[in-house]
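Visitor: structure-v5.cif is reproduced below (mmCIF, C-alpha atoms).
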data_entry
#
loop_
_atom_site.label_atom_id
_atom_site.label_comp_id
_atom_site.auth_asym_id
_atom_site.auth_seq_id
_atom_site.Cartn_x
_atom_site.Cartn_y
_atom_site.Cartn_z
CA MET A 1 -13.39 3.85 -15.81
CA VAL A 2 -13.66 0.17 -14.88
CA ASN A 3 -17.07 -1.39 -15.33
CA LEU A 4 -17.69 -3.03 -11.97
CA GLU A 5 -19.81 -5.71 -13.63
CA ASN A 6 -16.73 -6.89 -15.52
CA LEU A 7 -13.97 -7.26 -12.93
CA ASP A 8 -11.82 -10.35 -13.44
CA VAL A 9 -10.24 -10.49 -9.98
CA ILE A 10 -10.75 -8.76 -6.65
CA ALA A 11 -7.64 -9.04 -4.47
CA ILE A 12 -7.78 -8.53 -0.72
CA GLY A 13 -4.54 -7.66 1.05
CA GLU A 14 -2.03 -5.20 2.32
CA SER A 15 -0.12 -2.42 0.66
CA LEU A 16 3.44 -1.55 1.55
CA VAL A 17 5.70 1.31 0.58
CA GLU A 18 8.90 -0.10 -0.92
CA PHE A 19 12.34 1.48 -0.65
CA SER A 20 15.03 -0.32 -2.59
CA SER A 21 18.65 -0.22 -3.62
CA ASP A 22 20.82 -2.26 -5.98
CA ILE A 23 23.72 -2.13 -3.51
CA LYS A 24 23.99 -3.16 0.14
CA LEU A 25 21.87 -1.08 2.48
CA SER A 26 24.91 -0.19 4.54
CA ASP A 27 26.44 1.43 1.44
CA ALA A 28 23.31 3.00 -0.06
CA GLU A 29 22.93 6.77 0.14
CA CYS A 30 19.68 6.89 -1.86
CA LEU A 31 16.72 4.53 -2.06
CA HIS A 32 14.17 4.12 -4.85
CA LYS A 33 10.54 4.52 -3.75
CA SER A 34 7.85 2.17 -5.06
CA TYR A 35 5.17 -0.02 -3.50
CA GLY A 36 4.44 -3.70 -2.89
CA GLY A 37 2.23 -6.30 -1.28
CA ASP A 38 1.49 -9.87 -2.39
CA ALA A 39 -2.22 -9.55 -3.24
CA LEU A 40 -1.58 -6.12 -4.74
CA ALA A 41 1.14 -7.53 -7.02
CA ALA A 42 -1.31 -10.14 -8.30
CA ALA A 43 -3.92 -7.46 -8.99
CA VAL A 44 -1.45 -5.25 -10.87
CA THR A 45 -0.39 -8.26 -12.95
CA VAL A 46 -4.00 -8.81 -14.01
CA GLN A 47 -4.19 -5.17 -15.08
CA ARG A 48 -0.94 -5.17 -17.02
CA LEU A 49 -1.96 -8.26 -18.97
CA GLY A 50 -5.13 -6.52 -20.07
CA GLY A 51 -7.63 -7.57 -17.43
CA HIS A 52 -9.58 -5.65 -14.80
CA ALA A 53 -8.80 -6.01 -11.11
CA GLY A 54 -10.16 -4.52 -7.93
CA PHE A 55 -8.22 -4.11 -4.70
CA ILE A 56 -9.54 -4.10 -1.14
CA THR A 57 -7.28 -2.72 1.57
CA ARG A 58 -6.90 -0.03 4.19
CA VAL A 59 -4.46 2.76 3.32
CA GLY A 60 -2.85 4.86 6.02
CA GLU A 61 -3.45 8.58 6.36
CA ASP A 62 0.23 9.48 6.25
CA CYS A 63 2.60 11.16 3.80
CA PHE A 64 2.52 8.12 1.48
CA LYS A 65 -1.26 7.92 1.03
CA ASP A 66 -1.45 10.14 -2.07
CA PHE A 67 1.54 8.38 -3.64
CA LEU A 68 -0.08 4.97 -3.23
CA ILE A 69 -3.53 6.04 -4.40
CA LYS A 70 -2.16 7.80 -7.49
CA ASN A 71 -0.08 4.78 -8.52
CA TRP A 72 -3.03 2.42 -8.16
CA GLN A 73 -5.19 4.76 -10.23
CA ASP A 74 -2.45 5.00 -12.87
CA GLU A 75 -2.41 1.20 -13.08
CA GLY A 76 -6.15 1.23 -13.70
CA LEU A 77 -7.04 -0.72 -10.57
CA ASP A 78 -10.54 -0.33 -9.24
CA ILE A 79 -9.97 1.12 -5.77
CA SER A 80 -13.55 2.07 -5.02
CA HIS A 81 -13.38 -0.19 -1.95
CA VAL A 82 -10.05 1.03 -0.61
CA ARG A 83 -10.65 2.78 2.68
CA THR A 84 -8.40 4.88 4.87
CA ALA A 85 -7.34 4.32 8.46
CA PRO A 86 -5.72 6.77 10.89
CA ASP A 87 -2.51 4.75 10.94
CA THR A 88 0.77 4.61 9.04
CA ASN A 89 1.35 2.53 5.93
CA GLY A 90 3.60 -0.49 6.10
CA ILE A 91 7.14 -0.19 4.75
CA TYR A 92 9.79 -2.58 3.58
CA ILE A 93 13.36 -1.74 2.66
CA THR A 94 15.27 -4.05 0.40
CA ALA A 95 18.66 -4.30 -1.25
CA ARG A 96 19.37 -6.44 -4.28
CA PRO A 97 23.15 -6.32 -4.78
CA ALA A 98 24.47 -7.64 -8.08
CA SER A 99 26.51 -10.05 -5.99
CA GLY A 100 25.65 -11.03 -2.46
CA VAL A 101 22.62 -11.84 -0.36
CA LYS A 102 19.35 -9.97 -0.76
CA GLU A 103 18.50 -7.83 2.27
CA VAL A 104 14.94 -7.08 3.46
CA VAL A 105 13.74 -5.11 6.47
CA TYR A 106 9.99 -5.01 7.21
CA HIS A 107 7.93 -2.50 9.20
CA ARG A 108 4.44 -3.97 8.89
CA LYS A 109 3.07 -4.26 12.42
CA LYS A 110 0.07 -2.18 13.51
CA THR A 111 -0.26 -0.59 10.09
CA ALA A 112 -3.35 0.65 8.29
CA SER A 113 -3.70 -2.62 6.36
CA ALA A 114 -4.06 -4.47 9.66
CA LYS A 115 -7.35 -2.64 10.15
CA LEU A 116 -8.92 -4.69 7.34
CA SER A 117 -12.15 -6.22 8.64
CA ILE A 118 -15.46 -7.75 7.65
CA ASP A 119 -16.78 -4.19 7.30
CA ASP A 120 -14.56 -3.79 4.23
CA ILE A 121 -16.11 -6.78 2.44
CA GLU A 122 -19.33 -5.92 0.62
CA PRO A 123 -21.19 -8.82 -1.02
CA ASP A 124 -22.43 -6.64 -3.88
CA TYR A 125 -18.84 -5.77 -4.75
CA LEU A 126 -17.72 -9.40 -4.65
CA ALA A 127 -20.60 -10.21 -7.00
CA SER A 128 -19.00 -7.93 -9.62
CA THR A 129 -15.99 -10.19 -10.19
CA LYS A 130 -15.12 -13.66 -11.48
CA ILE A 131 -12.52 -14.53 -8.82
CA VAL A 132 -11.86 -13.36 -5.25
CA TYR A 133 -8.21 -13.74 -4.26
CA SER A 134 -6.34 -13.45 -0.99
CA SER A 135 -3.44 -14.98 0.92
CA GLY A 136 -2.07 -16.19 4.20
CA LEU A 137 -0.11 -12.95 4.51
CA THR A 138 -3.40 -11.05 4.53
CA GLN A 139 -4.75 -13.37 7.22
CA ALA A 140 -1.59 -12.77 9.24
CA LEU A 141 -2.11 -9.00 9.40
CA SER A 142 -4.56 -9.16 12.31
CA ILE A 143 -7.50 -11.08 13.73
CA SER A 144 -9.91 -8.75 11.93
CA ALA A 145 -8.08 -9.26 8.60
CA LYS A 146 -8.21 -13.02 9.11
CA GLU A 147 -11.95 -12.77 9.69
CA ALA A 148 -12.32 -10.61 6.57
CA VAL A 149 -10.65 -13.21 4.34
CA ALA A 150 -12.78 -16.05 5.73
CA TYR A 151 -15.95 -14.00 5.31
CA ALA A 152 -15.01 -12.98 1.75
CA PHE A 153 -14.41 -16.57 0.70
CA ARG A 154 -17.62 -17.84 2.31
CA THR A 155 -19.62 -15.04 0.72
CA ALA A 156 -18.04 -15.55 -2.70
CA LYS A 157 -18.89 -19.25 -2.62
CA GLU A 158 -22.49 -18.44 -1.69
CA LEU A 159 -22.63 -16.05 -4.65
CA GLY A 160 -21.17 -18.62 -7.05
CA ILE A 161 -17.93 -16.63 -7.42
CA GLN A 162 -14.63 -18.55 -7.67
CA THR A 163 -12.02 -18.09 -4.95
CA ALA A 164 -8.23 -18.35 -5.09
CA TYR A 165 -5.77 -18.63 -2.21
CA ASP A 166 -2.03 -18.76 -1.59
CA PRO A 167 -0.88 -19.59 1.98
CA ASN A 168 2.34 -17.68 1.24
CA PHE A 169 3.80 -18.94 4.50
CA TYR A 170 6.78 -17.08 5.95
CA PRO A 171 8.05 -18.49 9.25
CA ASP A 172 9.38 -15.09 10.32
CA ILE A 173 5.79 -13.74 10.20
CA LEU A 174 3.76 -16.71 11.50
CA ASN A 175 4.56 -19.94 13.25
CA VAL A 176 3.59 -23.24 11.65
CA GLN A 177 0.56 -23.81 13.86
CA GLU A 178 -0.87 -20.38 13.02
CA ALA A 179 -0.29 -21.02 9.32
CA LYS A 180 -2.11 -24.36 9.56
CA GLU A 181 -5.04 -22.73 11.35
CA ASN A 182 -5.31 -20.02 8.71
CA PHE A 183 -5.18 -22.63 5.95
CA ASP A 184 -7.80 -24.83 7.59
CA GLU A 185 -10.15 -21.90 8.10
CA VAL A 186 -10.51 -21.17 4.38
CA ILE A 187 -9.49 -24.22 2.33
CA THR A 188 -12.98 -25.75 2.05
CA ASN A 189 -14.09 -22.50 0.37
CA VAL A 190 -11.17 -22.38 -2.09
CA ASP A 191 -11.48 -23.20 -5.80
CA ILE A 192 -7.90 -22.41 -6.89
CA ALA A 193 -4.91 -23.02 -4.60
CA PHE A 194 -1.31 -21.96 -5.11
CA MET A 195 1.24 -23.86 -3.00
CA SER A 196 5.01 -23.82 -2.69
CA THR A 197 7.16 -26.83 -1.88
CA ARG A 198 9.63 -24.49 -0.23
CA ARG A 199 7.33 -23.88 2.74
CA ASP A 200 3.62 -24.40 2.24
CA THR A 201 3.42 -28.08 1.36
CA VAL A 202 5.93 -29.40 3.88
CA ASP A 203 5.07 -27.15 6.83
CA ILE A 204 1.30 -26.86 6.41
CA LEU A 205 0.31 -30.16 4.77
CA GLU A 206 3.36 -32.17 5.87
CA LEU A 207 3.71 -33.51 2.33
CA ASP A 208 6.72 -33.11 0.04
CA SER A 209 5.40 -34.69 -3.15
CA PRO A 210 3.62 -32.25 -5.53
CA GLU A 211 1.40 -35.06 -6.76
CA HIS A 212 0.35 -35.95 -3.22
CA VAL A 213 -0.30 -32.28 -2.43
CA ILE A 214 -2.52 -31.90 -5.48
CA LYS A 215 -4.51 -35.03 -4.67
CA LYS A 216 -4.86 -33.96 -1.03
CA LEU A 217 -6.30 -30.60 -2.07
CA TRP A 218 -8.60 -32.26 -4.58
CA ASP A 219 -9.94 -34.21 -1.61
CA PHE A 220 -10.67 -30.86 0.10
CA GLY A 221 -12.72 -29.87 -2.94
CA VAL A 222 -10.17 -27.53 -4.52
CA GLY A 223 -10.68 -27.75 -8.29
CA ILE A 224 -7.38 -26.30 -9.54
CA VAL A 225 -4.07 -26.71 -7.70
CA VAL A 226 -0.68 -25.26 -8.64
CA VAL A 227 2.41 -26.44 -6.76
CA LYS A 228 5.53 -24.34 -7.29
CA SER A 229 8.71 -26.40 -7.02
CA ALA A 230 12.03 -24.56 -6.99
CA ALA A 231 13.86 -27.86 -6.59
CA GLU A 232 12.39 -29.20 -9.82
CA GLY A 233 12.39 -25.88 -11.63
CA GLY A 234 8.74 -25.56 -12.46
CA TYR A 235 5.05 -25.74 -11.68
CA TYR A 236 2.79 -28.76 -11.23
CA THR A 237 -0.80 -27.98 -12.24
CA GLY A 238 -3.59 -30.32 -11.22
CA TYR A 239 -7.04 -30.10 -12.76
CA ASN A 240 -9.87 -32.49 -13.56
CA GLY A 241 -7.87 -35.56 -12.58
CA ASN A 242 -4.82 -34.60 -14.66
CA ILE A 243 -1.43 -33.26 -13.56
CA ALA A 244 0.99 -31.44 -15.89
CA PHE A 245 4.42 -29.91 -15.35
CA THR A 246 5.47 -26.49 -16.70
CA GLU A 247 9.10 -25.40 -16.52
CA PHE A 248 10.12 -22.05 -15.08
CA TYR A 249 10.61 -19.51 -17.84
CA ILE A 250 13.86 -18.04 -16.51
CA LYS A 251 16.97 -16.84 -18.29
CA ASP A 252 18.57 -14.55 -15.72
CA ILE A 253 17.53 -13.93 -12.11
CA ALA A 254 17.86 -10.37 -10.85
CA ASP A 255 15.19 -10.20 -8.14
CA THR A 256 12.66 -12.76 -6.91
CA THR A 257 10.56 -10.32 -4.86
CA CYS A 258 6.85 -10.91 -5.60
CA THR A 259 7.60 -13.36 -8.42
CA GLY A 260 5.24 -15.97 -7.00
CA ASP A 261 2.52 -13.33 -6.65
CA VAL A 262 3.04 -12.25 -10.26
CA PHE A 263 2.62 -15.88 -11.33
CA ASN A 264 -0.64 -16.04 -9.37
CA GLY A 265 -2.00 -12.88 -10.95
CA ALA A 266 -1.10 -14.02 -14.46
CA PHE A 267 -2.65 -17.44 -13.83
CA LEU A 268 -5.90 -15.87 -12.62
CA TYR A 269 -5.94 -13.50 -15.57
CA ALA A 270 -5.57 -16.45 -17.93
CA ILE A 271 -8.32 -18.45 -16.21
CA THR A 272 -10.72 -15.52 -16.55
CA HIS A 273 -9.85 -15.19 -20.24
CA SER A 274 -10.77 -18.70 -21.35
CA LEU A 275 -7.38 -20.42 -21.09
CA THR A 276 -7.24 -23.90 -19.57
CA PRO A 277 -5.37 -24.27 -16.25
CA PHE A 278 -2.48 -25.88 -18.13
CA GLU A 279 -2.31 -23.01 -20.64
CA ALA A 280 -2.64 -20.59 -17.74
CA ALA A 281 0.43 -22.12 -16.08
CA LYS A 282 2.45 -21.55 -19.24
CA LEU A 283 1.35 -17.91 -19.57
CA ALA A 284 1.98 -17.31 -15.88
CA SER A 285 5.43 -18.92 -16.04
CA ILE A 286 6.43 -16.56 -18.84
CA THR A 287 5.07 -13.53 -16.99
CA ALA A 288 6.88 -14.44 -13.76
CA GLY A 289 10.04 -15.30 -15.68
CA LEU A 290 10.18 -11.87 -17.31
CA GLN A 291 9.53 -10.15 -13.99
CA VAL A 292 12.33 -12.00 -12.21
CA GLU A 293 14.89 -10.74 -14.73
CA ARG A 294 14.49 -7.15 -13.49
CA LEU A 295 15.04 -5.32 -10.24
CA GLY A 296 11.99 -4.33 -8.26
CA ALA A 297 8.76 -6.04 -7.28
CA ILE A 298 5.67 -4.49 -8.82
CA LYS A 299 7.53 -2.02 -11.01
CA SER A 300 9.09 -4.97 -12.89
CA ILE A 301 5.84 -6.74 -13.80
CA PRO A 302 5.71 -7.11 -17.61
CA ARG A 303 2.83 -6.07 -19.84
CA ALA A 304 0.77 -8.00 -22.36
CA ASP A 305 2.83 -6.88 -25.36
CA GLU A 306 5.92 -8.48 -23.79
CA VAL A 307 4.25 -11.69 -22.64
CA TYR A 308 1.93 -12.70 -25.44
CA PRO A 309 4.45 -12.89 -28.30
CA ILE A 310 6.46 -15.41 -26.25
CA PHE A 311 3.33 -17.31 -25.22
CA GLU A 312 2.04 -17.51 -28.77
CA LYS A 313 5.43 -18.64 -30.07
CA SER A 314 5.56 -21.38 -27.43
CA GLY A 315 2.30 -22.73 -28.78
CA GLU A 316 3.88 -23.20 -32.21
CA GLN A 317 6.54 -25.56 -30.91
#
Translate this structure into structure tokens?
Guide:
Amino acid sequence: MVNLENLDVIAIGESLVEFSSDIKLSDAECLHKSYGGDALAAAVTVQRLGGHAGFITRVGEDCFKDFLIKNWQDEGLDISHVRTAPDTNGIYITARPASGVKEVVYHRKKTASAKLSIDDIEPDYLASTKIVYSSGLTQALSISAKEAVAYAFRTAKELGIQTAYDPNFYPDILNVQEAKENFDEVITNVDIAFMSTRRDTVDILELDSPEHVIKKLWDFGVGIVVVKSAAEGGYYTGYNGNIAFTEFYIKDIADTTCTGDVFNGAFLYAITHSLTPFEAAKLASITAGLQVERLGAIKSIPRADEVYPIFEKSGEQ
């Protein structure tokens, strides 16, 4: 039983049922069932590294409800603030062929998660954690979900609780103007920001230099900034006037689904367990690097006994 006075992270977001194949969807006769969601992946990562995470969402009252709830309980997540809605759960279907282009089909409109609202955010619950985390994908679910994220961040700041945010901008889900509006609505209440040069920095901030992005967000009052740069193969971490670069920990790439979210969860776990932001980036890079070597999103997230031996060895070099 999780002690609610000792939660490390509360993640606010959607849950999706995942069906996947390691061959093209047109050729697949069977699909593997799992689950996903960006904020949920971060929360599970916290749990698997040895922390305690809570999850706020709406789960649909359909045939997948019991499957989702049981898996979250098995992970050890605190789901005391997961509520149901008389809607279906979102679904995504993905194929990760050994050779060829990854395929993804989403069914996430008008789902239970879109019913997230301010009513789901209880200040007393937020007060039980060290960090409140959410994303632009959560904001994009609906107007009420967008309001819930803004309210959660404002309330957390009033309570002296840290907040963390990833715009996680996907142009097939939102247009650039909507992404900018979502970003602007919360950024002054954000303590830790995760950005990607692939989309977030160029489209939302109109900046392509990680250093300029970090300094811009420092000007907004964000204390810790991580910029993920695929082009340069690593992460820029900005904190307390200093910027450091951490290389991707990648040997083989099998599946990049949720890898950025796994990094975020590992980083937040590290921050809540007395690591510096620069040490946190190293731990998170290893965690994400191990996850990307395997097929599957959440099911491939590594555990502490896989991550820490590598992390500790890296400190000896």
Visitor: Applying the PyMOL selection byres ((chain A and resi 143) around 12) to the file I just gave you, which residues come out? Please list them as a count of residues only.
Guide: 22
Visitor: Under the rule that all atoms listed in the file are counted, which of A:Ile187, A:Ile298, A:Val59, A:Ala231 is the nearest residue to Asp219 in chain A?
Guide: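 The answer is A:Ile187, which sits nearest to Asp219 in chain A.
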Visitor: Restricting the calculation to all atoms listed in the file: of A:Thr155, A:Thr94, A:Thr163, A:Ser134, which residue gets closest to Glu122 in chain A?
Guide: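 Counting all atoms listed in the file, the residue closest to Glu122 in chain A is A:Thr155.
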Visitor: In Å, rounded to a single decimal, give me how far CA of Tyr249 in chain A is from CA of Tyr236 in chain A.
Guide: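 Calculated distance between CA of Tyr236 in chain A and CA of Tyr249 in chain A is 13.8 Å.
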Visitor: Could you check the closest approach to Asp172 in chain A for each of A:Val222, A:Asp305, A:Thr237, A:Val105 and tell me which residue wins, using all atoms listed in the file?
Guide: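 Ranking A:Val222, A:Asp305, A:Thr237, A:Val105 by distance to Asp172 in chain A, first place goes to A:Val105.
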